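Asker: Got a file for you: my_file39.csv, CSV, C-alpha atoms and all ligand atoms.
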```csv
chain,number,residue,atom,x,y,z
A,1,MET,CA,0.0,0.0,0.0
A,2,ASN,CA,1.5,3.3,-1.0
A,3,SER,CA,1.7,5.6,2.0
A,4,PRO,CA,0.5,9.2,1.6
A,5,ILE,CA,3.4,10.3,3.7
A,6,LYS,CA,7.0,10.1,2.5
A,7,TYR,CA,10.1,11.1,4.4
A,8,GLU,CA,13.0,12.4,2.4
A,9,LEU,CA,16.4,12.6,4.2
A,10,ILE,CA,18.3,15.6,2.8
A,11,LYS,CA,21.4,16.0,5.0
A,12,GLU,CA,22.7,14.7,8.2
A,13,SER,CA,24.8,16.8,10.7
A,14,SER,CA,28.3,15.4,11.0
A,15,GLU,CA,28.6,16.4,14.7
A,16,THR,CA,25.1,15.5,16.1
A,17,LYS,CA,22.1,13.3,15.2
A,18,ALA,CA,20.2,16.3,13.8
A,19,ARG,CA,19.1,15.8,10.2
A,20,LEU,CA,17.6,18.0,7.5
A,21,GLY,CA,14.5,16.4,6.0
A,22,LYS,CA,11.3,16.9,4.0
A,23,ILE,CA,8.0,15.2,4.6
A,24,HIS,CA,5.8,14.9,1.5
A,25,THR,CA,2.1,14.9,2.4
A,26,PRO,CA,-1.1,15.2,0.3
A,27,HIS,CA,-1.3,18.9,1.5
A,28,GLY,CA,2.2,19.8,0.7
A,29,GLU,CA,5.8,19.5,2.0
A,30,ILE,CA,7.1,20.0,5.5
A,31,GLU,CA,10.8,20.9,6.1
A,32,THR,CA,12.2,19.3,9.2
A,33,PRO,CA,13.2,19.8,12.0
A,34,ILE,CA,9.9,21.6,12.6
A,35,PHE,CA,7.8,23.1,15.3
A,36,MET,CA,4.0,22.5,14.9
A,37,PRO,CA,1.6,25.1,16.3
A,38,VAL,CA,-1.4,23.6,18.1
A,39,GLY,CA,-4.9,24.4,17.0
A,40,THR,CA,-6.8,22.2,19.4
A,41,ARG,CA,-10.4,23.3,18.4
A,42,ALA,CA,-9.8,23.9,14.7
A,43,THR,CA,-8.1,27.2,15.3
A,44,VAL,CA,-4.6,28.2,16.4
A,45,LYS,CA,-5.9,30.6,19.1
A,46,ALA,CA,-5.8,34.3,18.1
A,47,MET,CA,-4.3,33.5,14.6
A,48,THR,CA,-5.9,33.5,11.2
A,49,PRO,CA,-4.6,31.0,8.6
A,50,GLU,CA,-3.1,33.9,6.6
A,51,GLU,CA,-1.2,35.1,9.7
A,52,LEU,CA,0.1,31.5,10.2
A,53,LYS,CA,1.3,31.5,6.6
A,54,GLU,CA,2.9,34.9,7.0
A,55,ILE,CA,5.1,33.4,9.8
A,56,ASN,CA,5.7,30.3,7.6
A,57,ALA,CA,3.8,27.8,9.7
A,58,GLN,CA,3.9,24.6,7.6
A,59,ILE,CA,1.7,22.2,9.6
A,60,ILE,CA,-0.7,22.6,12.5
A,61,LEU,CA,-2.2,20.2,15.0
A,62,SER,CA,-5.8,19.7,16.0
A,63,ASN,CA,-7.4,17.4,18.6
A,64,THR,CA,-9.7,14.4,18.1
A,65,TYR,CA,-11.1,14.6,21.7
A,66,HIS,CA,-12.1,18.3,21.5
A,67,LEU,CA,-13.6,18.2,18.0
A,68,TYR,CA,-15.5,15.0,18.8
A,69,LEU,CA,-17.2,16.7,21.7
A,70,LYS,CA,-17.6,20.1,19.9
A,71,PRO,CA,-18.8,20.7,17.2
A,72,GLY,CA,-18.8,16.9,16.5
A,73,HIS,CA,-16.8,15.2,13.8
A,74,ASP,CA,-19.9,14.7,11.7
A,75,ILE,CA,-20.3,18.5,11.3
A,76,VAL,CA,-16.6,18.9,10.3
A,77,GLU,CA,-17.1,16.0,7.8
A,78,GLU,CA,-20.2,17.6,6.4
A,79,ALA,CA,-18.2,20.9,6.0
A,80,GLY,CA,-15.8,18.9,3.8
A,81,GLY,CA,-13.3,18.1,6.5
A,82,LEU,CA,-11.0,20.1,8.8
A,83,HIS,CA,-8.9,21.7,6.0
A,84,LYS,CA,-12.1,23.2,4.5
A,85,PHE,CA,-13.8,23.9,7.8
A,86,MET,CA,-10.9,26.0,9.2
A,87,ASN,CA,-9.7,27.3,5.8
A,88,TRP,CA,-6.2,25.7,6.2
A,89,ASP,CA,-4.9,24.1,3.0
A,90,ARG,CA,-1.5,22.9,4.4
A,91,PRO,CA,-0.9,19.7,6.3
A,92,ILE,CA,-2.8,18.9,9.5
A,93,LEU,CA,-1.9,16.4,12.2
A,94,THR,CA,-4.5,15.2,14.6
A,95,ASP,CA,-3.8,13.8,18.0
A,96,SER,CA,-5.8,10.7,18.8
A,97,GLY,CA,-7.5,11.7,22.0
A,98,GLY,CA,-5.5,9.3,24.2
A,99,PHE,CA,-3.6,12.0,26.0
A,100,GLN,CA,-6.5,14.5,26.1
A,101,VAL,CA,-8.9,12.0,27.7
A,102,PHE,CA,-6.4,11.3,30.5
A,103,SER,CA,-5.3,15.0,30.9
A,104,LEU,CA,-8.7,16.7,30.4
A,105,GLY,CA,-11.6,14.3,30.5
A,106,ASN,CA,-12.7,12.7,33.8
A,107,MET,CA,-11.3,9.3,33.0
A,108,ARG,CA,-13.6,6.7,34.4
A,109,LYS,CA,-12.4,3.4,33.2
A,110,ILE,CA,-9.8,1.9,30.8
A,111,ASN,CA,-10.0,-1.7,29.5
A,112,GLU,CA,-9.0,-3.7,26.4
A,113,ASP,CA,-11.7,-2.1,24.4
A,114,GLY,CA,-11.0,1.5,25.1
A,115,VAL,CA,-11.6,4.3,27.6
A,116,GLU,CA,-14.7,5.5,29.3
A,117,PHE,CA,-14.6,9.2,30.3
A,118,LYS,CA,-16.9,12.0,31.2
A,119,SER,CA,-16.7,15.1,29.1
A,120,HIS,CA,-14.9,18.1,30.7
A,121,ILE,CA,-17.5,20.3,29.1
A,122,ASP,CA,-20.8,18.9,30.4
A,123,GLY,CA,-20.0,15.7,32.3
A,124,SER,CA,-21.7,13.5,29.7
A,125,LYS,CA,-20.4,9.9,29.5
A,126,HIS,CA,-18.4,8.7,26.4
A,127,PHE,CA,-16.5,5.6,25.4
A,128,ILE,CA,-13.7,6.0,22.9
A,129,THR,CA,-12.0,3.0,21.3
A,130,PRO,CA,-9.1,2.8,18.8
A,131,GLU,CA,-11.6,2.3,16.0
A,132,LYS,CA,-13.7,5.3,17.2
A,133,SER,CA,-10.6,7.5,17.3
A,134,ILE,CA,-9.7,6.6,13.7
A,135,GLU,CA,-13.3,7.0,12.6
A,136,ILE,CA,-13.2,10.6,14.0
A,137,GLN,CA,-9.8,11.3,12.4
A,138,ASN,CA,-10.9,9.9,9.1
A,139,ALA,CA,-14.0,12.2,9.3
A,140,LEU,CA,-11.6,15.2,10.1
A,141,GLY,CA,-9.5,14.3,7.1
A,142,SER,CA,-6.1,15.0,8.7
A,143,ASP,CA,-3.0,14.1,6.7
A,144,ILE,CA,-1.3,12.5,9.8
A,145,MET,CA,-3.5,10.7,12.4
A,146,MET,CA,-2.0,9.6,15.7
A,147,ALA,CA,-2.7,6.0,16.9
A,148,PHE,CA,-5.0,5.8,20.0
A,149,ASP,CA,-2.7,5.3,22.9
A,150,GLU,CA,-2.4,5.5,26.7
A,151,CYS,CA,0.1,8.1,27.9
A,152,VAL,CA,1.0,6.8,31.4
A,153,SER,CA,1.6,9.4,34.0
A,154,TYR,CA,5.0,10.0,35.7
A,155,PRO,CA,6.1,8.1,37.8
A,156,SER,CA,4.4,4.8,37.0
A,157,ASP,CA,5.5,1.3,38.1
A,158,TRP,CA,7.1,-1.1,35.7
A,159,HIS,CA,4.2,-3.6,35.7
A,160,TYR,CA,1.6,-1.0,35.0
A,161,VAL,CA,3.7,0.6,32.2
A,162,LYS,CA,4.3,-2.8,30.6
A,163,ASP,CA,0.6,-3.8,30.6
A,164,SER,CA,-0.3,-0.3,29.3
A,165,MET,CA,2.4,-0.3,26.6
A,166,GLU,CA,1.4,-3.8,25.4
A,167,ARG,CA,-2.3,-2.7,25.2
A,168,THR,CA,-1.2,0.5,23.3
A,169,THR,CA,0.5,-1.8,20.8
A,170,ARG,CA,-2.6,-3.9,20.4
A,171,TRP,CA,-4.6,-0.6,20.0
A,172,ALA,CA,-2.1,0.6,17.3
A,173,LYS,CA,-2.9,-2.6,15.2
A,174,ARG,CA,-6.6,-2.0,15.6
A,175,CYS,CA,-6.1,1.6,14.5
A,176,LYS,CA,-4.2,0.5,11.4
A,177,ASP,CA,-7.0,-2.0,10.5
A,178,ALA,CA,-9.7,0.7,11.1
A,179,ASN,CA,-8.2,3.3,8.7
A,180,LYS,CA,-10.8,3.8,6.0
A,181,ASN,CA,-8.6,6.2,4.0
A,182,PRO,CA,-5.1,4.8,4.0
A,183,ASP,CA,-4.1,6.3,0.6
A,184,LYS,CA,-4.8,9.8,1.9
A,185,GLN,CA,-4.4,9.7,5.6
A,186,ALA,CA,-1.4,8.1,7.4
A,187,ILE,CA,-1.2,6.8,10.9
A,188,PHE,CA,1.8,7.4,13.1
A,189,GLY,CA,2.6,4.9,15.9
A,190,ILE,CA,3.3,6.2,19.3
A,191,ILE,CA,6.2,4.6,21.3
A,192,GLN,CA,5.4,4.3,25.0
A,193,GLY,CA,7.2,2.5,27.8
A,194,GLY,CA,7.5,5.2,30.5
A,195,MET,CA,11.0,5.7,31.7
A,196,TYR,CA,12.0,2.0,31.3
A,197,LYS,CA,14.5,1.1,28.7
A,198,ASP,CA,13.4,-2.5,28.2
A,199,LEU,CA,9.8,-1.4,27.8
A,200,ARG,CA,10.7,1.4,25.3
A,201,GLU,CA,12.7,-1.2,23.3
A,202,GLN,CA,9.7,-3.6,23.3
A,203,SER,CA,7.3,-0.9,22.3
A,204,ALA,CA,9.5,0.3,19.4
A,205,ARG,CA,10.1,-3.2,18.2
A,206,GLU,CA,6.4,-4.2,18.2
A,207,LEU,CA,5.3,-0.9,16.6
A,208,LEU,CA,8.0,-1.2,13.9
A,209,GLU,CA,6.5,-4.5,12.9
A,210,LEU,CA,3.3,-2.7,12.1
A,211,ASP,CA,5.3,-0.6,9.6
A,212,PHE,CA,3.7,2.8,10.2
A,213,PRO,CA,4.9,5.7,7.9
A,214,GLY,CA,6.1,7.7,10.9
A,215,TYR,CA,6.6,7.3,14.7
A,216,ALA,CA,6.2,9.5,17.7
A,217,VAL,CA,7.8,9.3,21.1
A,218,GLY,CA,4.9,9.5,23.6
A,219,GLY,CA,4.8,9.3,27.4
A,220,LEU,CA,7.3,12.2,27.9
A,221,SER,CA,7.0,15.8,29.0
A,222,VAL,CA,4.6,14.6,31.7
A,223,GLY,CA,6.5,16.1,34.6
A,224,GLU,CA,9.7,14.0,34.6
A,225,PRO,CA,13.0,15.8,35.2
A,226,ALA,CA,14.7,17.1,32.0
A,227,ASP,CA,17.7,14.7,32.4
A,228,ILE,CA,15.4,11.7,32.5
A,229,LEU,CA,13.5,13.0,29.4
A,230,MET,CA,16.9,13.3,27.5
A,231,GLN,CA,18.1,9.8,28.7
A,232,VAL,CA,14.9,8.2,27.5
A,233,LEU,CA,15.3,10.0,24.2
A,234,ASP,CA,18.9,9.0,23.9
A,235,TYR,CA,18.0,5.3,23.9
A,236,THR,CA,14.7,5.6,22.1
A,237,VAL,CA,15.5,7.6,19.0
A,238,PRO,CA,18.1,5.0,17.8
A,239,LEU,CA,15.3,2.4,17.8
A,240,MET,CA,13.2,4.5,15.4
A,241,PRO,CA,13.5,4.1,11.6
A,242,ALA,CA,16.0,6.5,10.1
A,243,ASP,CA,13.9,6.8,6.9
A,244,LYS,CA,10.7,7.9,8.6
A,245,PRO,CA,9.7,11.1,10.5
A,246,ARG,CA,10.3,11.1,14.3
A,247,TYR,CA,7.8,13.2,16.2
A,248,PHE,CA,8.3,14.2,19.9
A,249,MET,CA,4.9,14.9,21.5
A,250,GLY,CA,4.8,17.9,23.8
A,251,ALA,CA,7.8,20.2,23.5
A,252,GLY,CA,7.7,23.9,22.6
A,253,SER,CA,10.4,25.9,24.4
A,254,PRO,CA,13.5,27.0,22.3
A,255,ASP,CA,16.1,25.1,24.3
A,256,TYR,CA,14.1,21.8,24.2
A,257,LEU,CA,13.5,22.1,20.5
A,258,ILE,CA,17.2,22.4,19.9
A,259,GLU,CA,18.0,19.6,22.3
A,260,LEU,CA,15.5,17.3,20.6
A,261,ALA,CA,16.6,18.1,17.1
A,262,ILE,CA,20.3,17.3,17.9
A,263,ARG,CA,19.0,13.9,19.2
A,264,GLY,CA,17.4,13.2,15.9
A,265,ILE,CA,13.8,14.4,16.4
A,266,ASP,CA,12.2,15.9,13.3
A,267,MET,CA,8.8,17.2,14.6
A,268,ALA,CA,7.5,18.6,17.9
A,269,ASP,CA,4.4,20.3,19.1
A,270,CYS,CA,3.2,22.1,22.2
A,271,VAL,CA,0.6,24.6,23.4
A,272,LEU,CA,3.3,26.4,25.4
A,273,PRO,CA,4.1,29.3,23.0
A,274,THR,CA,0.5,30.2,22.3
A,275,ARG,CA,-0.7,29.6,25.9
A,276,ILE,CA,2.0,31.8,27.6
A,277,ALA,CA,1.5,34.5,24.9
A,278,ARG,CA,-2.1,34.9,26.0
A,279,ASN,CA,-0.8,35.4,29.5
A,280,GLY,CA,1.7,38.1,28.4
A,281,THR,CA,4.9,36.1,28.4
A,282,VAL,CA,7.0,36.3,25.3
A,283,MET,CA,10.0,34.3,24.2
A,284,THR,CA,12.9,36.4,22.9
A,285,SER,CA,16.5,35.7,21.8
A,286,ARG,CA,17.6,37.0,25.2
A,287,GLY,CA,15.2,35.0,27.3
A,288,LYS,CA,11.6,35.5,28.6
A,289,VAL,CA,9.9,38.9,28.7
A,290,VAL,CA,6.9,39.2,31.1
A,291,ILE,CA,5.3,42.1,29.3
A,292,ARG,CA,2.9,43.1,32.1
A,293,ASN,CA,5.9,44.0,34.2
A,294,ALA,CA,5.9,47.7,35.1
A,295,LYS,CA,9.5,48.1,33.9
A,296,HIS,CA,8.2,48.0,30.3
A,297,LYS,CA,5.8,51.0,30.9
A,298,ARG,CA,8.0,53.5,29.0
A,299,ASP,CA,10.0,51.0,27.0
A,300,PHE,CA,9.3,52.0,23.4
A,301,THR,CA,11.6,49.3,21.9
A,302,PRO,CA,10.2,46.1,20.3
A,303,LEU,CA,9.6,42.9,22.2
A,304,ASP,CA,12.8,41.5,20.7
A,305,PRO,CA,15.3,43.8,19.0
A,306,GLU,CA,16.4,40.9,16.7
A,307,CYS,CA,12.9,39.9,15.6
A,308,SER,CA,11.3,40.8,12.3
A,309,CYS,CA,7.7,39.7,13.1
A,310,TYR,CA,4.7,42.0,12.6
A,311,ALA,CA,4.5,42.7,16.3
A,312,CYS,CA,8.2,43.6,16.6
A,313,LYS,CA,8.2,45.7,13.4
A,314,ASN,CA,5.1,47.8,14.4
A,315,TYR,CA,4.7,48.0,18.2
A,316,SER,CA,6.6,48.7,21.3
A,317,LYS,CA,6.8,46.8,24.7
A,318,ALA,CA,5.0,49.8,26.2
A,319,TYR,CA,2.1,49.5,23.8
A,320,ILE,CA,1.8,45.7,24.2
A,321,ARG,CA,2.1,46.0,27.9
A,322,HIS,CA,-0.8,48.6,27.8
A,323,LEU,CA,-2.9,46.2,25.8
A,324,PHE,CA,-2.5,43.4,28.4
A,325,ASN,CA,-3.0,45.9,31.2
A,326,VAL,CA,-6.5,46.8,29.9
A,327,ASP,CA,-7.2,43.3,28.7
A,328,GLU,CA,-7.4,44.2,25.0
A,329,ILE,CA,-7.6,41.2,22.6
A,330,LEU,CA,-4.9,42.6,20.4
A,331,GLY,CA,-2.3,42.0,23.2
A,332,SER,CA,-2.9,38.3,22.9
A,333,ARG,CA,-2.8,38.4,19.2
A,334,LEU,CA,0.5,40.3,19.0
A,335,ALA,CA,2.2,38.1,21.6
A,336,THR,CA,1.0,35.0,19.9
A,337,ILE,CA,2.3,36.2,16.5
A,338,HIS,CA,5.6,36.9,18.1
A,339,ASN,CA,6.0,33.6,20.0
A,340,LEU,CA,5.1,31.4,17.0
A,341,HIS,CA,7.3,33.5,14.7
A,342,PHE,CA,10.1,33.2,17.2
A,343,LEU,CA,10.0,29.3,17.4
A,344,ILE,CA,9.4,28.9,13.6
A,345,LYS,CA,12.3,31.2,12.8
A,346,LEU,CA,14.5,29.3,15.4
A,347,MET,CA,13.7,26.1,13.5
A,348,GLU,CA,14.5,27.8,10.2
A,349,ASP,CA,17.9,28.9,11.6
A,350,LEU,CA,18.5,25.4,13.0
A,351,ARG,CA,17.8,23.9,9.6
A,352,GLU,CA,20.2,26.3,8.0
A,353,SER,CA,22.9,25.3,10.5
A,354,ILE,CA,22.4,21.7,9.6
A,355,ARG,CA,22.6,22.6,5.9
A,356,GLU,CA,25.9,24.3,6.7
A,357,ASP,CA,27.0,21.6,9.1
A,358,ARG,CA,27.5,24.0,12.1
A,359,VAL,CA,24.8,22.8,14.5
A,360,LEU,CA,26.9,22.8,17.6
A,361,GLU,CA,28.1,26.4,16.9
A,362,PHE,CA,24.4,27.4,16.4
A,363,ARG,CA,23.5,25.7,19.7
A,364,ARG,CA,26.4,27.4,21.5
A,365,ASP,CA,25.5,30.9,20.1
A,366,PHE,CA,21.9,30.4,21.1
A,367,TYR,CA,22.7,29.5,24.7
A,368,LEU,CA,25.2,32.4,25.0
A,369,LYS,CA,22.5,34.9,24.4
A,370,TYR,CA,19.5,33.0,25.7
A,371,GLY,CA,20.6,32.6,29.3
A,372,GLY,CA,18.2,29.7,29.7
A,373,PHE,CA,14.9,29.8,31.8
A,374,ASP,CA,12.0,27.6,32.6
A,375,TYR,CA,8.6,28.6,31.2
B,1,LIG,C1,3.0,18.5,26.9
B,1,LIG,N1,3.5,17.2,27.1
B,1,LIG,C2,2.9,16.2,26.3
B,1,LIG,N2,3.3,14.9,26.5
B,1,LIG,C3,2.5,14.2,25.7
B,1,LIG,C4,2.4,12.8,25.4
B,1,LIG,C5,1.5,12.3,24.5
B,1,LIG,C6,1.3,10.9,24.3
B,1,LIG,O1,2.0,10.0,24.9
B,1,LIG,N3,0.3,10.5,23.5
B,1,LIG,C7,-0.4,11.4,22.8
B,1,LIG,N4,-1.4,10.9,22.0
B,1,LIG,N5,-0.3,12.7,22.9
B,1,LIG,C8,0.6,13.2,23.8
B,1,LIG,C9,0.7,14.6,24.0
B,1,LIG,C10,-0.1,15.6,23.3
B,1,LIG,C11,0.6,16.2,22.1
B,1,LIG,N6,-0.1,17.2,21.4
B,1,LIG,C12,1.7,15.1,25.0
B,1,LIG,N7,2.0,16.3,25.4
B,2,ZN,ZN,8.6,39.5,17.2
```
Would it be possible to restate this file's structure as structure tokens?
Answerer:
Amino acid sequence: MNSPIKYELIKESSETKARLGKIHTPHGEIETPIFMPVGTRATVKAMTPEELKEINAQIILSNTYHLYLKPGHDIVEEAGGLHKFMNWDRPILTDSGGFQVFSLGNMRKINEDGVEFKSHIDGSKHFITPEKSIEIQNALGSDIMMAFDECVSYPSDWHYVKDSMERTTRWAKRCKDANKNPDKQAIFGIIQGGMYKDLREQSARELLELDFPGYAVGGLSVGEPADILMQVLDYTVPLMPADKPRYFMGAGSPDYLIELAIRGIDMADCVLPTRIARNGTVMTSRGKVVIRNAKHKRDFTPLDPECSCYACKNYSKAYIRHLFNVDEILGSRLATIHNLHFLIKLMEDLRESIREDRVLEFRRDFYLKYGGFDY
């Protein structure tokens, strides 16, 4: 069966595991390594598709769990699918609902068949199975669908993680069998296994047998210390096929995106940049700026002196601080435009450094200015 997703390896870094690639999808090409803005409910909050294109967003995420609850995947399907519904003609990746049910829904029961949960919106009871998740994603029409999985919390004991991971593998097979549109919509398998090397190896081995066109590392960025996250990545990435996209679920700060890319990750997503923007925190080349801070009251310079985004070209810190102070919507819009532009530009510069084989120099220069901070 010919997959709708093809990964093209363009160049490998000689000093790290970073690689320059291109993912060919039915809705266009994606250059990797890439950061994917999250548009959970069929919109990247505060951004129009034109503004997303203006900052060179190449692919966005949306969520099965949310769109199933509202407006209902049947309505999106009747609209002609998610691309049409939200007026976005570039690639879309949809997450499967696994993570959202556990993190948002009031999870009631999990068994071999699937997961029973109560909606976080109105408390209504639902039961989602691997087949239901793929039925919803087929209706949404996303280019990349994520397999229905269980993202175990941190920490979890080895026996629970093993049982959960083995069930996630059985669910992945059921997802593959349930895909009604395999020529147009690809499924990515999600490697689980918690923080246990043997379980991560088993998960990768079993999922590779199912021959998915791409693979994600799941079960991380769930509160574990950064050094454990990197350790798990260091032994998990080598288990993933070199000729397929590698997607890390849940990373969106500049330092993490660089660290993941040099470990061989091609794709990452996170609500962080858009979420903190709405709260008035912006990412800059010199670290975090909390724009509500009174020290910006008479600062008529841009958010980031090195940034060429619409917000930095046309507005000052003092103005954007004012907007947040009086709770004006434009504040969130300008901070969102800036944060997404910042991360997307960072990935463009990172890709350039791979092209020119100077990734470690790029990383060193970044940290010299950045100073590092936790969001
Ligand atoms: C913020 N941290 C984070 N960790 C994740 C793990 C999974 C994960 O293990 N599985 C799935 N399906 N999604 C995950 C997500 C959502 C990605 N948009 C995660 N996000
Ligand atoms: Zn900017």
Asker: Under the rule that only C-alpha atoms and all ligand atoms are counted, which of A:Leu323, A:Val359, A:Ala277, A:Val222 is the nearest residue to ligand ZN 2 (chain B)?
Answerer: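 The closest residue to ligand ZN 2 (chain B) is A:Ala277.
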Asker: Which residues form the shell of 10 Å around ligand ZN 2 (chain B) when you count all atoms listed in the file, given as a PyMOL selection string?
Answerer: chain A and resi 282-285+302-315+334-342
Asker: Would you mind listing the residues within 6 Å of ligand LIG 1 (chain B), counting all atoms listed in the file, as a count of residues only?
Answerer: 15
Asker: Using only C-alpha atoms, give me every residue within 9 Å of (12.5, 2.9, 13.3) in file coordinates, as a VMD selection string.
Answerer: chain A and resid 204 to 205 207 to 208 211 214 to 215 237 to 244 246
Asker: Could you check how far CA of Ser124 (chain A) sits from CA of Leu67 (chain A), in Å to one decimal?
Answerer: 15.0 Å
Asker: Rounded to one decimal, what separation in Å do you get between CA of Phe35 (chain A) and CA of Glu77 (chain A)?
Answerer: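 Atom-to-atom, CA of Phe35 (chain A) and CA of Glu77 (chain A) are spaced 27.0 Å apart.
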Asker: For the atom pair CA of Gly371 (chain A) and CA of Ala226 (chain A), what is the interatomic distance in Å to one decimal place?
Answerer: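 CA of Gly371 (chain A) sits 16.8 Å away from CA of Ala226 (chain A).
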Asker: Rank nothing, just name the residue among A:Asn63, A:Lys125, A:Gly141, A:Ala46 nearest to Gly81 (chain A), using all atoms listed in the file.
Answerer: A:Gly141
Asker: Could you check which residues have any atom within 10 Å of (-19.3, 19.3, 22.5), counting only C-alpha atoms with coordinates taken straight from the file, and then list them as a list in words?
Answerer: Tyr65, His66, Leu67, Tyr68, Leu69, Lys70, Pro71, Gly72, His73, Ser119, His120, Ile121, Asp122 and Ser124 of chain A
Asker: Can those selected residues be exported to a file as a JSON list (two decimals), keeping the file's coordinate frame so that it contains C-alpha atoms?
Answerer:
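Saved result, again02.json, follows:
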```json
[["chain", "number", "residue", "atom", "x", "y", "z"],
["A", 65, "TYR", "CA", -11.10, 14.60, 21.70],
["A", 66, "HIS", "CA", -12.10, 18.30, 21.50],
["A", 67, "LEU", "CA", -13.60, 18.20, 18.00],
["A", 68, "TYR", "CA", -15.50, 15.00, 18.80],
["A", 69, "LEU", "CA", -17.20, 16.70, 21.70],
["A", 70, "LYS", "CA", -17.60, 20.10, 19.90],
["A", 71, "PRO", "CA", -18.80, 20.70, 17.20],
["A", 72, "GLY", "CA", -18.80, 16.90, 16.50],
["A", 73, "HIS", "CA", -16.80, 15.20, 13.80],
["A", 119, "SER", "CA", -16.70, 15.10, 29.10],
["A", 120, "HIS", "CA", -14.90, 18.10, 30.70],
["A", 121, "ILE", "CA", -17.50, 20.30, 29.10],
["A", 122, "ASP", "CA", -20.80, 18.90, 30.40],
["A", 124, "SER", "CA", -21.70, 13.50, 29.70]]
```
Asker: Choose the residue, out of A:Gly193, A:Ala147, A:Asp183, A:Asp89, that has the smallest atom-to-atom separation from Glu166 (chain A); count only C-alpha atoms.
Answerer: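 Using only C-alpha atoms, the shortest distance to Glu166 (chain A) belongs to A:Gly193.
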Asker: Using only C-alpha atoms, find the one residue out of A:Asn138, A:Thr236, A:Thr129, A:Ser203 that sits nearest to Leu260 (chain A).
Answerer: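 Going through A:Asn138, A:Thr236, A:Thr129, A:Ser203 one by one, the smallest distance to Leu260 (chain A) is for A:Thr236.
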Asker: I'd like the contact shell of Lys6 (chain A) - 7 Å cut-off, only C-alpha atoms, skipping same-chain residues fewer than 5 positions apart - returned as a VMD selection string.
Answerer: chain A and resid 23 to 25
Asker: Output requested as a PDB file, in the frame of the given file - region 114-125 of chain A, filled out with N, CA, C and O atoms.
Answerer:
```
ATOM      1  N   GLY A 114     -11.228   0.068  25.259  1.00  0.00           N
ATOM      2  CA  GLY A 114     -11.000   1.500  25.100  1.00  0.00           C
ATOM      3  C   GLY A 114     -11.126   2.222  26.427  1.00  0.00           C
ATOM      4  O   GLY A 114     -10.882   1.628  27.485  1.00  0.00           O
ATOM      5  N   VAL A 115     -11.548   3.465  26.368  1.00  0.00           N
ATOM      6  CA  VAL A 115     -11.600   4.300  27.600  1.00  0.00           C
ATOM      7  C   VAL A 115     -12.939   4.952  27.758  1.00  0.00           C
ATOM      8  O   VAL A 115     -13.494   5.520  26.804  1.00  0.00           O
ATOM      9  N   GLU A 116     -13.482   4.803  28.966  1.00  0.00           N
ATOM     10  CA  GLU A 116     -14.700   5.500  29.300  1.00  0.00           C
ATOM     11  C   GLU A 116     -14.382   6.777  30.018  1.00  0.00           C
ATOM     12  O   GLU A 116     -13.541   6.753  30.913  1.00  0.00           O
ATOM     13  N   PHE A 117     -14.957   7.880  29.601  1.00  0.00           N
ATOM     14  CA  PHE A 117     -14.600   9.200  30.300  1.00  0.00           C
ATOM     15  C   PHE A 117     -15.882  10.045  30.311  1.00  0.00           C
ATOM     16  O   PHE A 117     -16.851   9.812  29.577  1.00  0.00           O
ATOM     17  N   LYS A 118     -15.816  11.030  31.194  1.00  0.00           N
ATOM     18  CA  LYS A 118     -16.900  12.000  31.200  1.00  0.00           C
ATOM     19  C   LYS A 118     -16.335  13.311  30.624  1.00  0.00           C
ATOM     20  O   LYS A 118     -15.212  13.728  30.930  1.00  0.00           O
ATOM     21  N   SER A 119     -17.112  13.915  29.748  1.00  0.00           N
ATOM     22  CA  SER A 119     -16.700  15.100  29.100  1.00  0.00           C
ATOM     23  C   SER A 119     -16.345  16.233  30.074  1.00  0.00           C
ATOM     24  O   SER A 119     -17.066  16.428  31.068  1.00  0.00           O
ATOM     25  N   HIS A 120     -15.227  16.932  29.815  1.00  0.00           N
ATOM     26  CA  HIS A 120     -14.900  18.100  30.700  1.00  0.00           C
ATOM     27  C   HIS A 120     -15.801  19.236  30.474  1.00  0.00           C
ATOM     28  O   HIS A 120     -15.782  20.214  31.207  1.00  0.00           O
ATOM     29  N   ILE A 121     -16.625  19.141  29.423  1.00  0.00           N
ATOM     30  CA  ILE A 121     -17.500  20.300  29.100  1.00  0.00           C
ATOM     31  C   ILE A 121     -18.821  20.174  29.897  1.00  0.00           C
ATOM     32  O   ILE A 121     -19.207  21.083  30.619  1.00  0.00           O
ATOM     33  N   ASP A 122     -19.476  18.982  29.737  1.00  0.00           N
ATOM     34  CA  ASP A 122     -20.800  18.900  30.400  1.00  0.00           C
ATOM     35  C   ASP A 122     -20.985  17.627  31.214  1.00  0.00           C
ATOM     36  O   ASP A 122     -22.095  17.282  31.602  1.00  0.00           O
ATOM     37  N   GLY A 123     -19.886  16.904  31.402  1.00  0.00           N
ATOM     38  CA  GLY A 123     -20.000  15.700  32.300  1.00  0.00           C
ATOM     39  C   GLY A 123     -20.632  14.527  31.612  1.00  0.00           C
ATOM     40  O   GLY A 123     -20.810  13.494  32.232  1.00  0.00           O
ATOM     41  N   SER A 124     -20.996  14.655  30.325  1.00  0.00           N
ATOM     42  CA  SER A 124     -21.700  13.500  29.700  1.00  0.00           C
ATOM     43  C   SER A 124     -20.665  12.360  29.499  1.00  0.00           C
ATOM     44  O   SER A 124     -19.453  12.571  29.401  1.00  0.00           O
ATOM     45  N   LYS A 125     -21.208  11.118  29.500  1.00  0.00           N
ATOM     46  CA  LYS A 125     -20.400   9.900  29.500  1.00  0.00           C
ATOM     47  C   LYS A 125     -20.081   9.507  28.022  1.00  0.00           C
ATOM     48  O   LYS A 125     -20.972   9.558  27.165  1.00  0.00           O
TER      49      LYS A 125
END
```
